[in-house]
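Enquirer: Sharing a structure, written as structure tokens. Questions coming.
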Amino acid sequence: MSDPTTPGPREAFYLAEAQRLAHTGSWAFTAAGFTHWSPELFAIHGLTPGGTAPSIAAYLALVHLDDREHVAQVIQKMLADHAAFDFTKRIVRPDGTIRYVRCVGAPATDWEGFVGTGIDVTEQEELCAALRKSETELRQILDLAPQIIGVLGPRRERLYANRVALAYYGVTLEEWRQRSFGPEVHPDDFDRVKALVDHSVANPAAYELEMRLRSGDGTYRWFLVRYNPLRDDQGQLIRWFLACSDIDDRKRTEDRMRNETIALREDLDRASMFEEIVGSSPALQSVLAQVAKVAQTDATVLILGETGTGKELLARAIHKRSRRASGAFIPVNCAAIPPSLIASELFGHEKGAFTGALQRRLGRFEAADGGTIFLDEVGELPPEAQVALLRVLQEREIERVGSSHPIAVDVRVLAATNRDLEAAVERGTFREDLFYRLDVVPLRLPPLRERVEDIPILVEYLVDRFAKQTGKRIRNIEKQTMQRLTAYDWPGNVRELQNVIERALVLVEGETFAIEESWLTKKRGRTGSTLADGEKAMIEAALTESQGRVAGPRGAAAKLGIPRQTLEWKIRNLRIDKLAFRRPD
């Protein structure tokens with residue numbers, strides 16, 4: 001009868017095939033040496049299967065020289081302690097190739113020896129070595145990077161920081177792993193940073209922010225911190241990578257430039273007294289140079305420029321630099337006064353001069369005596385007022401409405417318009433002799449699109465001014481916002497820029513000034529249709545409806561909601577033939 005512990009031919013075949021496929025051989029060992037080596041174990045060592053198991057000396061001869069002493073010590077310990085073991089060694093085959101073999105053994109249960117396996121793990125060891133090498137190279141690369149780099153787990157647990165990070169914080173890797181970001185962030189930035197971190201935990205996505213980080217010596221520097229999540233093939237978050245780029249020098253430069261800009265603007269304001277006329281472009285400086293010269297004289301100045309360019313500011317600057325600076329500066333918007341009242345507003349009236357004149361009233365010219373009067377929109381003066389103004393410029397005297405006694409006045413006249421007065425002279429709507437009296441020293445204020453280089457300093461100035469008015473603190477101006485403001489052509493000039501900035505300051509919530517791109521979208525439909533054309537069309541429609549009648553409850557003036565005298569003046573100014581709208585009886 002055969003031994004039941006000895007496998008039969010079929011079982012032996014299956015066992016050998018399983019060991020071959022698994023690159024695993026089996027062995028048995030006693031203090032005298034090996035008593036059994038399976039065919040696969042011979043194959044692993046590059047030996048011919050079917051031989052006798054090697055002696056201990058022959059076995060050690062198969063072990064790599066650098067591992068031989070360690071393996072001999074393991075065998076001695078195994079025999080002394082009679083305990084299980086698991087180690088990996090290198091062997092050298094007869095052909096010189098080196099293989100890694102993992103030896104796993106345990107004491108036999110029914111005799112004094114040991115049984116175990118030898119597993120060829122060369123491919124796994126080489127792969128691990130390659131991974132370790134790759135990881136080492138990656139860490140070397142990260143250590144050479146000038147940024148602070150960190151690797152976090154999916155729940156923001158700290159895993160790795162590069163050499164630059166550890167040097168900046170003055171800690172070891174293990175100490176860094178035990179820290180939290182709270183003590184590292186500047187107290188003024190903490191709430192803002194924590195809000196973004198909390199949001200990113202709930203909604204993992206790449207983002208960046210600027211913050212100040214505390215170094216090992218207690219000082220802070222500005223960094224641009226970028227966070228990027230890493231997901232596996234199933235979309236699960238497995239890592240956070242962060243890179244912190246030092247931007248402290250840039251921030252300090254920006255602060256210094258901002259302070260220098262503010263100081264320069266304040267110096268300009270103090271030295272030149274040009275109030276809110278801010279800018280250093282050649283076009284603007286050329287005008288201001290002329291202002292400095294003409295201000296010391298009493299010459300009449302005609303200020304030309306588009307709407308919103310700051311004509312009144314320029315007039316105030318002329319007055320403040322003149323010998324009349326201690327006198328009054330009286331601004332008058334000629335377009336805002338009804339034609340029937342313009343004479344009374346400018347020259348005053350006597351008691352009873354007209355219905356409603358209950359007492360004597362001084363006009364704007366008398367109020368400006370010894371100082372300066374600024375006639376804005378002078379091109380809108382009706383013909384009667386143009387005659388009276390011409391007399392003031394020629395004779396330096398006025399007559400109140402309802403009086404025939406001239407009154408001498410010592411007033412410097414500054415005028416401004418956005419209209420083409422020469423064209424108005426040709427059309428007959430503006431007196432030629434008055435034009436030449438006003439046009440002694442013409443000054444043209446350039447539109448904002450002709451001094452684009454002034455936009456950044458204007459933006460800084462206006463943001464600072466309105467921020468103080470609204471009680472807000474603005475530390476930064478978004479770069480994209482500044483690019484938008486500089487690229488826009490500003491048809492409304494400085495006044496439009498001022499309105500946009502004031503609106504943004506009302507709505508802004510943080511410390512960064514920004515505007516929406518839609519705010520600077522040009523409104524369509526302006527080309528080919530001027531304000532005068534629109535006004536003319538409205539008047540003609542009212543005249544058509546009233547059949548050419550101007551006065552009365554059903555007249556055009558009542559339909560438009562304006563005084564009859566004002567409408568009559570506009571009809572003449574726009575050259576409308578009101579008779580053409582009358583229907584034949």
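The chains in the structure tokens are called A, B, ... from first to last as shown; in each chain the residues are counted from 1, and the ligands are counted from 1 in the order shown.
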Within 12 Å of A:Ile562, counting only C-alpha atoms, which residues show up once you throw out same-chain ones fewer than 2 positions away? Write them as a list in words, please.

Expert: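 Within the cut-off, the hits are Ile337, Pro338, Pro339, Ser340, Ile539, Ala542, Val550, Ala551, Gly552, Pro553, Gly555, Ala556, Ala557, Ala558, Lys559, Leu560, Arg564, Gln565, Thr566, Leu567, Glu568, Trp569 and Lys570 of chain A.
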
Enquirer: Just write the chosen residues, N, CA, C and O atoms, as a compact mmCIF listing (two decimals), in the first residue's frame.

Expert:
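Below is the file that was written, part.txt:
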```
# COMPACT_ATOMS: atom_id res chain seq x y z
N ILE A 337 -31.61 127.77 -17.73
CA ILE A 337 -32.46 128.91 -17.38
C ILE A 337 -33.41 129.19 -18.55
O ILE A 337 -32.97 129.32 -19.70
N PRO A 338 -34.72 129.28 -18.30
CA PRO A 338 -35.66 129.59 -19.38
C PRO A 338 -35.29 130.92 -20.05
O PRO A 338 -34.84 131.87 -19.37
N PRO A 339 -35.43 131.02 -21.35
CA PRO A 339 -35.06 132.25 -22.07
C PRO A 339 -35.72 133.50 -21.50
O PRO A 339 -35.11 134.58 -21.48
N SER A 340 -36.96 133.36 -20.99
CA SER A 340 -37.66 134.55 -20.47
C SER A 340 -37.05 135.05 -19.16
O SER A 340 -37.28 136.19 -18.77
N ILE A 539 -40.68 118.76 -31.11
CA ILE A 539 -41.39 120.03 -31.29
C ILE A 539 -42.28 119.98 -32.52
O ILE A 539 -43.44 120.44 -32.50
N ALA A 542 -45.39 118.06 -31.80
CA ALA A 542 -46.34 118.84 -31.00
C ALA A 542 -47.03 119.90 -31.85
O ALA A 542 -48.23 120.15 -31.69
N VAL A 550 -48.88 127.61 -30.81
CA VAL A 550 -47.85 127.50 -29.78
C VAL A 550 -48.44 127.73 -28.40
O VAL A 550 -48.24 126.93 -27.49
N ALA A 551 -49.19 128.84 -28.22
CA ALA A 551 -49.73 129.21 -26.92
C ALA A 551 -51.10 128.58 -26.71
O ALA A 551 -51.67 127.95 -27.61
N GLY A 552 -51.66 128.82 -25.49
CA GLY A 552 -53.00 128.33 -25.19
C GLY A 552 -52.98 126.94 -24.60
O GLY A 552 -51.99 126.21 -24.66
N PRO A 553 -54.14 126.52 -24.04
CA PRO A 553 -54.22 125.21 -23.38
C PRO A 553 -54.04 124.04 -24.35
O PRO A 553 -53.65 122.95 -23.93
N GLY A 555 -52.10 124.41 -27.14
CA GLY A 555 -50.94 124.72 -27.94
C GLY A 555 -49.79 123.74 -27.71
O GLY A 555 -49.80 122.90 -26.79
N ALA A 556 -48.78 123.87 -28.56
CA ALA A 556 -47.64 122.95 -28.49
C ALA A 556 -46.87 123.10 -27.18
O ALA A 556 -46.35 122.13 -26.64
N ALA A 557 -46.79 124.35 -26.65
CA ALA A 557 -46.06 124.57 -25.40
C ALA A 557 -46.70 123.79 -24.26
O ALA A 557 -46.00 123.18 -23.43
N ALA A 558 -48.04 123.80 -24.18
CA ALA A 558 -48.74 123.06 -23.14
C ALA A 558 -48.54 121.56 -23.30
O ALA A 558 -48.39 120.82 -22.32
N LYS A 559 -48.55 121.09 -24.54
CA LYS A 559 -48.36 119.66 -24.77
C LYS A 559 -46.94 119.20 -24.37
O LYS A 559 -46.75 118.08 -23.91
N LEU A 560 -45.96 120.09 -24.57
CA LEU A 560 -44.59 119.74 -24.23
C LEU A 560 -44.27 120.04 -22.77
O LEU A 560 -43.21 119.62 -22.26
N ARG A 564 -44.20 129.13 -22.99
CA ARG A 564 -44.37 129.53 -24.39
C ARG A 564 -43.13 130.23 -24.91
O ARG A 564 -42.69 129.98 -26.03
N GLN A 565 -42.53 131.14 -24.06
CA GLN A 565 -41.34 131.86 -24.52
C GLN A 565 -40.18 130.92 -24.84
O GLN A 565 -39.43 131.11 -25.80
N THR A 566 -40.06 129.86 -23.99
CA THR A 566 -38.98 128.89 -24.23
C THR A 566 -39.20 128.17 -25.56
O THR A 566 -38.26 127.99 -26.34
N LEU A 567 -40.44 127.78 -25.82
CA LEU A 567 -40.72 127.07 -27.07
C LEU A 567 -40.51 127.99 -28.26
O LEU A 567 -39.94 127.56 -29.29
N GLU A 568 -40.92 129.26 -28.17
CA GLU A 568 -40.71 130.20 -29.27
C GLU A 568 -39.22 130.33 -29.58
O GLU A 568 -38.81 130.37 -30.75
N TRP A 569 -38.42 130.41 -28.51
CA TRP A 569 -36.98 130.55 -28.73
C TRP A 569 -36.40 129.30 -29.39
O TRP A 569 -35.57 129.38 -30.30
N LYS A 570 -36.84 128.13 -28.94
CA LYS A 570 -36.34 126.89 -29.53
C LYS A 570 -36.77 126.76 -30.99
O LYS A 570 -36.01 126.26 -31.82
```

Enquirer: Give me every strand (DSSP E or B) residue in stretch 312-526 of chain A, going by DSSP on the backbone, as an NGL selection string.

Expert: :A and (329-333 or 348-349 or 361-362 or 372-376 or 397-398 or 401 or 407-408 or 412-417 or 441-444 or 476-477 or 512-513)

Enquirer: Would you kindly return, as an MDAnalysis selection string, each protein, DNA or RNA residue with an atom no farther than 9 Å from any atom of stretch 388-405 of chain A, considering only C-alpha atoms and excluding same-chain residues fewer than 6 positions away?

Expert: chainID A and resid 300 343:344 346:354 361:363 365:366 411 413 433:434 437:438

Enquirer: If you count only C-alpha atoms, which residues fall within 12 Å of stretch 42-52 of chain A, apart from same-chain ones fewer than 2 positions away, as a PyMOL selection string?

Expert: chain A and resi 16+19-27+33-40+54-55+58-64+89-102+117-122

Enquirer: Find, counting only C-alpha atoms, the residue in A:His319, A:Arg572, A:Arg155, A:Lys578 that gets nearest to A:Arg549.

Expert: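 Under the stated criterion, the closest residue is A:Lys578.
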
Enquirer: Figure out the distance between atom CA of A:Phe513 and atom CA of A:Glu312, please, to one decimal in Å.

Expert: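 Between these atoms lies a distance of 28.2 Å.
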
Enquirer: Quick one: distance from atom CA of A:Val301 to atom CA of A:Leu314 in Å, one decimal?

Expert: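 The value is 10.6 Å.
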
Enquirer: A:Asp464: which residues within 12 Å, counting only C-alpha atoms, same-chain residues fewer than 3 positions away excluded, as a PyMOL selection string?

Expert: chain A and resi 258-259+261-262+265+457-461+467-477+498+501-502+505+511+513

Enquirer: Deliver the residues from the most recent selection as a file, using N, CA, C and O atoms, as a compact mmCIF listing (two decimals), in the first residue's frame.

Expert:
```
# COMPACT_ATOMS: atom_id res chain seq x y z
N ARG A 258 1.23 102.75 -5.53
CA ARG A 258 -0.05 103.37 -5.18
C ARG A 258 0.19 104.57 -4.27
O ARG A 258 -0.40 105.64 -4.46
N ASN A 259 1.08 104.39 -3.29
CA ASN A 259 1.38 105.50 -2.38
C ASN A 259 2.06 106.65 -3.12
O ASN A 259 1.76 107.82 -2.86
N THR A 261 1.69 107.32 -6.26
CA THR A 261 0.67 107.94 -7.11
C THR A 261 -0.19 108.90 -6.31
O THR A 261 -0.46 110.03 -6.74
N ILE A 262 -0.61 108.44 -5.12
CA ILE A 262 -1.42 109.31 -4.27
C ILE A 262 -0.64 110.54 -3.85
O ILE A 262 -1.14 111.66 -3.88
N ARG A 265 -0.31 112.82 -6.77
CA ARG A 265 -1.56 113.52 -7.04
C ARG A 265 -1.78 114.64 -6.02
O ARG A 265 -2.21 115.74 -6.37
N ILE A 457 -4.54 106.72 -13.32
CA ILE A 457 -4.41 107.61 -12.16
C ILE A 457 -5.76 108.24 -11.81
O ILE A 457 -6.06 108.47 -10.63
N LEU A 458 -6.61 108.50 -12.82
CA LEU A 458 -7.96 108.99 -12.54
C LEU A 458 -8.76 107.95 -11.78
O LEU A 458 -9.49 108.27 -10.83
N VAL A 459 -8.63 106.68 -12.19
CA VAL A 459 -9.35 105.61 -11.51
C VAL A 459 -8.91 105.51 -10.06
O VAL A 459 -9.73 105.43 -9.14
N GLU A 460 -7.59 105.54 -9.84
CA GLU A 460 -7.08 105.48 -8.47
C GLU A 460 -7.62 106.64 -7.64
O GLU A 460 -8.04 106.47 -6.49
N TYR A 461 -7.60 107.83 -8.23
CA TYR A 461 -8.06 109.03 -7.52
C TYR A 461 -9.55 108.93 -7.16
O TYR A 461 -9.94 109.18 -6.01
N ALA A 467 -14.43 105.88 -2.06
CA ALA A 467 -14.30 104.90 -0.98
C ALA A 467 -14.37 105.60 0.37
O ALA A 467 -15.01 105.12 1.31
N LYS A 468 -13.72 106.76 0.47
CA LYS A 468 -13.78 107.52 1.72
C LYS A 468 -15.20 108.01 1.98
O LYS A 468 -15.66 108.02 3.12
N GLN A 469 -15.88 108.44 0.93
CA GLN A 469 -17.24 108.93 1.10
C GLN A 469 -18.20 107.83 1.56
O GLN A 469 -19.11 108.08 2.34
N THR A 470 -17.98 106.61 1.05
CA THR A 470 -18.87 105.50 1.39
C THR A 470 -18.38 104.72 2.61
O THR A 470 -19.04 103.77 3.04
N GLY A 471 -17.23 105.12 3.15
CA GLY A 471 -16.71 104.43 4.33
C GLY A 471 -16.19 103.04 4.05
O GLY A 471 -16.17 102.19 4.94
N LYS A 472 -15.76 102.78 2.81
CA LYS A 472 -15.26 101.46 2.45
C LYS A 472 -13.75 101.48 2.29
O LYS A 472 -13.16 102.53 2.03
N ARG A 473 -13.16 100.30 2.43
CA ARG A 473 -11.70 100.17 2.32
C ARG A 473 -11.38 99.35 1.08
O ARG A 473 -11.72 98.18 0.99
N ILE A 474 -10.76 99.99 0.11
CA ILE A 474 -10.38 99.32 -1.13
C ILE A 474 -8.87 99.17 -1.15
O ILE A 474 -8.13 100.16 -1.13
N ARG A 475 -8.41 97.91 -1.19
CA ARG A 475 -6.97 97.64 -1.20
C ARG A 475 -6.44 97.38 -2.60
O ARG A 475 -5.28 97.65 -2.89
N ASN A 476 -7.29 96.81 -3.47
CA ASN A 476 -6.82 96.42 -4.80
C ASN A 476 -7.83 96.82 -5.86
O ASN A 476 -9.04 96.92 -5.60
N ILE A 477 -7.33 97.05 -7.06
CA ILE A 477 -8.17 97.25 -8.23
C ILE A 477 -7.92 96.07 -9.16
O ILE A 477 -6.78 95.80 -9.55
N GLN A 498 -16.54 108.86 -13.69
CA GLN A 498 -16.88 109.12 -12.30
C GLN A 498 -18.15 108.40 -11.89
O GLN A 498 -18.23 107.80 -10.82
N ILE A 501 -17.52 104.58 -11.54
CA ILE A 501 -16.77 104.24 -10.33
C ILE A 501 -17.64 104.43 -9.08
O ILE A 501 -17.62 103.60 -8.17
N GLU A 502 -18.41 105.50 -9.05
CA GLU A 502 -19.27 105.72 -7.89
C GLU A 502 -20.29 104.60 -7.77
O GLU A 502 -20.57 104.10 -6.67
N LEU A 505 -18.54 101.50 -6.42
CA LEU A 505 -18.21 101.61 -5.00
C LEU A 505 -19.43 101.40 -4.13
O LEU A 505 -19.32 100.91 -2.99
N GLU A 511 -12.70 94.06 -0.60
CA GLU A 511 -11.65 95.06 -0.63
C GLU A 511 -11.04 95.21 -2.02
O GLU A 511 -10.07 95.94 -2.18
N PHE A 513 -11.72 96.39 -5.93
CA PHE A 513 -12.62 97.18 -6.78
C PHE A 513 -12.74 96.49 -8.14
O PHE A 513 -11.74 96.14 -8.77
```

Enquirer: Quick one: everything within 8 Å of stretch 483-486 of chain A, counting only C-alpha atoms, minus sequence neighbours fewer than 5 positions away in the same chain. Send it as a PDB file with N, CA, C and O atoms, in the first residue's frame.

Expert:
```pdb
ATOM      1  N   VAL A 452      -5.574 108.569 -22.830  1.00  0.00           N
ATOM      2  CA  VAL A 452      -5.803 107.254 -22.231  1.00  0.00           C
ATOM      3  C   VAL A 452      -4.837 106.991 -21.079  1.00  0.00           C
ATOM      4  O   VAL A 452      -5.179 106.338 -20.092  1.00  0.00           O
ATOM      5  N   ILE A 455      -6.078 107.540 -17.535  1.00  0.00           N
ATOM      6  CA  ILE A 455      -7.186 106.778 -16.956  1.00  0.00           C
ATOM      7  C   ILE A 455      -6.775 106.050 -15.676  1.00  0.00           C
ATOM      8  O   ILE A 455      -7.492 106.112 -14.679  1.00  0.00           O
ATOM      9  N   PRO A 456      -5.610 105.343 -15.636  1.00  0.00           N
ATOM     10  CA  PRO A 456      -5.261 104.648 -14.379  1.00  0.00           C
ATOM     11  C   PRO A 456      -5.180 105.564 -13.169  1.00  0.00           C
ATOM     12  O   PRO A 456      -5.707 105.242 -12.103  1.00  0.00           O
ATOM     13  N   GLU A 517     -18.507  94.050 -17.026  1.00  0.00           N
ATOM     14  CA  GLU A 517     -18.215  94.429 -18.407  1.00  0.00           C
ATOM     15  C   GLU A 517     -19.417  95.077 -19.072  1.00  0.00           C
ATOM     16  O   GLU A 517     -19.275  95.966 -19.915  1.00  0.00           O
TER      17      GLU A 517
END
```

Enquirer: At what distance in Å, to one decimal, does atom CA of A:Glu432 lie from atom CA of A:Phe374?

Expert: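 These atoms are spaced 20.0 Å apart.
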
Enquirer: With only C-alpha atoms as the atoms that count, which of A:Phe466, A:Cys244, A:Arg221, A:Asp198 lies nearest to A:Asn162?

Expert: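 The answer is A:Cys244, which sits nearest to A:Asn162.
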
Enquirer: Could you tell me, as a PyMOL selection string, which residues of stretch 333-544 of chain A DSSP assigns to helix (DSSP H, G or I) when given the backbone?

Expert: chain A and resi 334-336+342-347+364-367+378-380+383-395+421-427+432-438+448-450+452-470+479-487+493-507+517-520+531-544

Enquirer: With only C-alpha atoms as the counted atoms, please give the residues lying no more than 12 Å from A:Ala80, apart from itself and same-chain residues fewer than 4 positions off, as a PyMOL selection string.

Expert: chain A and resi 30-31+73-76+84+107+113

Enquirer: Would you save the residues from that selection as a PDB file, in the first residue's frame, using N, CA and C atoms?

Expert:
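In the end it all went to again31.pdb:
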```
ATOM      1  N   THR A  30      15.608  21.293   8.067  1.00  0.00           N
ATOM      2  CA  THR A  30      15.927  20.913   9.439  1.00  0.00           C
ATOM      3  C   THR A  30      17.282  21.499   9.783  1.00  0.00           C
ATOM      4  N   ALA A  31      17.745  21.214  11.004  1.00  0.00           N
ATOM      5  CA  ALA A  31      19.045  21.723  11.417  1.00  0.00           C
ATOM      6  C   ALA A  31      20.162  21.150  10.560  1.00  0.00           C
ATOM      7  N   GLN A  73      22.373  34.832   9.218  1.00  0.00           N
ATOM      8  CA  GLN A  73      21.884  35.215  10.537  1.00  0.00           C
ATOM      9  C   GLN A  73      20.422  34.837  10.721  1.00  0.00           C
ATOM     10  N   VAL A  74      19.625  34.979   9.663  1.00  0.00           N
ATOM     11  CA  VAL A  74      18.205  34.612   9.732  1.00  0.00           C
ATOM     12  C   VAL A  74      18.067  33.113   9.996  1.00  0.00           C
ATOM     13  N   ILE A  75      18.909  32.276   9.315  1.00  0.00           N
ATOM     14  CA  ILE A  75      18.832  30.826   9.508  1.00  0.00           C
ATOM     15  C   ILE A  75      19.175  30.473  10.951  1.00  0.00           C
ATOM     16  N   GLN A  76      20.207  31.087  11.490  1.00  0.00           N
ATOM     17  CA  GLN A  76      20.605  30.812  12.872  1.00  0.00           C
ATOM     18  C   GLN A  76      19.491  31.209  13.842  1.00  0.00           C
ATOM     19  N   ALA A  84       8.400  31.542  13.110  1.00  0.00           N
ATOM     20  CA  ALA A  84       8.130  31.826  11.701  1.00  0.00           C
ATOM     21  C   ALA A  84       8.968  33.018  11.239  1.00  0.00           C
ATOM     22  N   PRO A 107       7.445  26.834  11.529  1.00  0.00           N
ATOM     23  CA  PRO A 107       7.763  25.515  12.096  1.00  0.00           C
ATOM     24  C   PRO A 107       6.732  24.475  11.669  1.00  0.00           C
ATOM     25  N   GLY A 113      11.322  20.193  12.091  1.00  0.00           N
ATOM     26  CA  GLY A 113      11.825  21.064  11.035  1.00  0.00           C
ATOM     27  C   GLY A 113      10.891  22.217  10.690  1.00  0.00           C
TER      28      GLY A 113
END
```

Enquirer: Select, from A:Val197, A:Leu543, A:Leu152, A:Ala336, the residue with the minimum atom-to-atom distance to A:Leu230, counting only C-alpha atoms.

Expert: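 Distance minimum relative to A:Leu230 lands on A:Leu152.
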
Enquirer: Restricting the calculation to only C-alpha atoms, which member of A:Val378, A:Val185, A:Ala367, A:Ala416 is positioned closest to A:Thr219?

Expert: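 Among the listed residues, the smallest separation from A:Thr219 belongs to A:Val185.
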
Enquirer: Closest to A:Gly218 among A:Gly305, A:Gly356, A:Gly379, A:Gly170, using only C-alpha atoms?

Expert: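 Among the listed residues, A:Gly170 lies closest to A:Gly218.
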